[in-house]
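Okay, so here's the structure we're looking at.
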Amino acid sequence: MKQLIKILFIVYILTTSSAIISAEEISPAFMPESEDKEVVYVDKKTGEERSRLSISLRKISRDDRIIYQISSRGKGDYDKYEDVTWETSSEMEEKQNLLYTLQSTTVIKEKTGQVSVMHKRRFDYNRKKIFCSLLDADGNIIEEKILPLKGLTTDSATMTYVLKTYIARRNEKKYRDFYLLSDKEKLYRVTIKEIGTETLDLPSGKVESIKLRLIPNLGILTGMIGSLIPPTYVWYIDEPPCEWLQYQGLETGIGSTHIRAYLN
């Protein structure tokens, strides 16, 4: 009897410890310690595959700060570029249960491997500015732009992660708006609107999700341009850690291809 009690006690300790470790792997901002995934991009009009993107995320500690590093590599058609590869490296900092984008660099390469252009973005929260630069193959600056940092701002490389907290707390007023820096270096204030639940048929199987619309504020042109561009939607699992599943909208900004991007 004592031996049985001892065994049951050991099993209880191991099970409890495993549950604690599992819980600790997800941060207050619903971030994992690490993950690797692939995203497929499809032309919404033709249904043809445009590209594939492999994404790798790792959590590190730097000066007692919690940092997430994202590395991604895409191959196919991207924006106005055809049959190219592009590599993006980004960093986010987790604090106060939110994710703050720190920097992002995208290098677009031709089929030969020759660099075509490089996009760099740096988010300076002390100066409340976003520094953007476009460089040529030799590293010469083609264009520079400085944009105001008005609030929590994300870009295409970090958006699906940054929005996790917003999706989980979307019923709270302060989690309904954020700022998005498009790949064309345009800054928009975006409002999140819940559409409802939907079952997605993904390569991994059927998944229950929450569908949300992202509505950009285009200023005085909102009514005019808004009616001419397709709406933007995102789908997430509606429970922590609120995994992103699918995106539908413009690929890089106004004038780009209307796409559907989904988790493979």
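The way I read the labels, and the way they are meant: chains A, B, ... in the order of the structure tokens, residue 1 as the first residue of every chain, and ligand 1 as the first ligand shown, with later ones counted on from there.
Near range 80-88 of chain A, within 8 Å and counting only C-alpha atoms, sit Ile70, Ser71, Ser72, Arg73, Gly74, Lys75, Gly76, Ser104, Thr105, Thr106, Val107, Ile108, Lys109, Glu110, Lys111, Ala157 and Ser256 of chain A; same-chain residues fewer than 4 positions away were not included.
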I want to know what sits within 12 Å of Leu200 in chain A, based on only C-alpha atoms, with residues of the same chain fewer than 5 positions away left out; could you give that as a PyMOL selection string? chain A and resi 205-211+234-237+244-247+262-263
Filtering to C-alpha atoms, could you give me those residues as a CSV table (one decimal), in the first residue's frame?
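File part_12.csv, as written:
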```
chain,number,residue,atom,x,y,z
A,205,GLY,CA,-7.4,20.2,-41.3
A,206,LYS,CA,-10.6,22.0,-40.3
A,207,VAL,CA,-10.0,24.6,-37.6
A,208,GLU,CA,-12.6,26.8,-35.7
A,209,SER,CA,-11.5,30.4,-35.8
A,210,ILE,CA,-12.6,34.0,-35.1
A,211,LYS,CA,-12.7,36.2,-38.1
A,234,VAL,CA,-7.4,38.0,-40.3
A,235,TRP,CA,-8.4,34.7,-38.7
A,236,TYR,CA,-7.1,33.5,-35.3
A,237,ILE,CA,-7.9,30.7,-32.9
A,244,TRP,CA,-2.8,33.2,-36.3
A,245,LEU,CA,-4.3,31.1,-39.1
A,246,GLN,CA,-5.0,33.2,-42.2
A,247,TYR,CA,-4.8,36.7,-43.8
A,262,TYR,CA,-2.6,30.8,-44.7
A,263,LEU,CA,-0.7,28.6,-42.3
```
Can you tell me, as number ranges by chain, what residues are no more than 9 Å from range 132-139 of chain A when counting only C-alpha atoms, ignoring any on the same chain fewer than 6 positions away? A: 114-123, 145-147, 185
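We find CA of Leu99 in chain A and CA of Leu152 in chain A to be spaced 8.4 Å apart.
Excluding Thr101 in chain A itself and same-chain residues fewer than 5 positions from it, the residues having an atom within 8 Å of it are Ser90, Glu91, Met92, Glu93, Phe123, Thr153, Thr154, Asp155 and Thr158 of chain A, counting only C-alpha atoms.
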Just to be explicit: take each residue in the selection above, keep C-alpha atoms, and write the result as a compact mmCIF listing (two decimals), in the first residue's frame.
```txt
# COMPACT_ATOMS: atom_id res chain seq x y z
CA SER A 90 12.83 41.44 -37.19
CA GLU A 91 12.88 41.98 -33.46
CA MET A 92 10.12 42.62 -30.93
CA GLU A 93 10.30 43.39 -27.23
CA PHE A 123 11.41 52.03 -34.27
CA THR A 153 2.95 50.13 -34.24
CA THR A 154 3.63 46.94 -36.14
CA ASP A 155 4.67 45.93 -39.66
CA THR A 158 5.46 41.23 -36.81
```
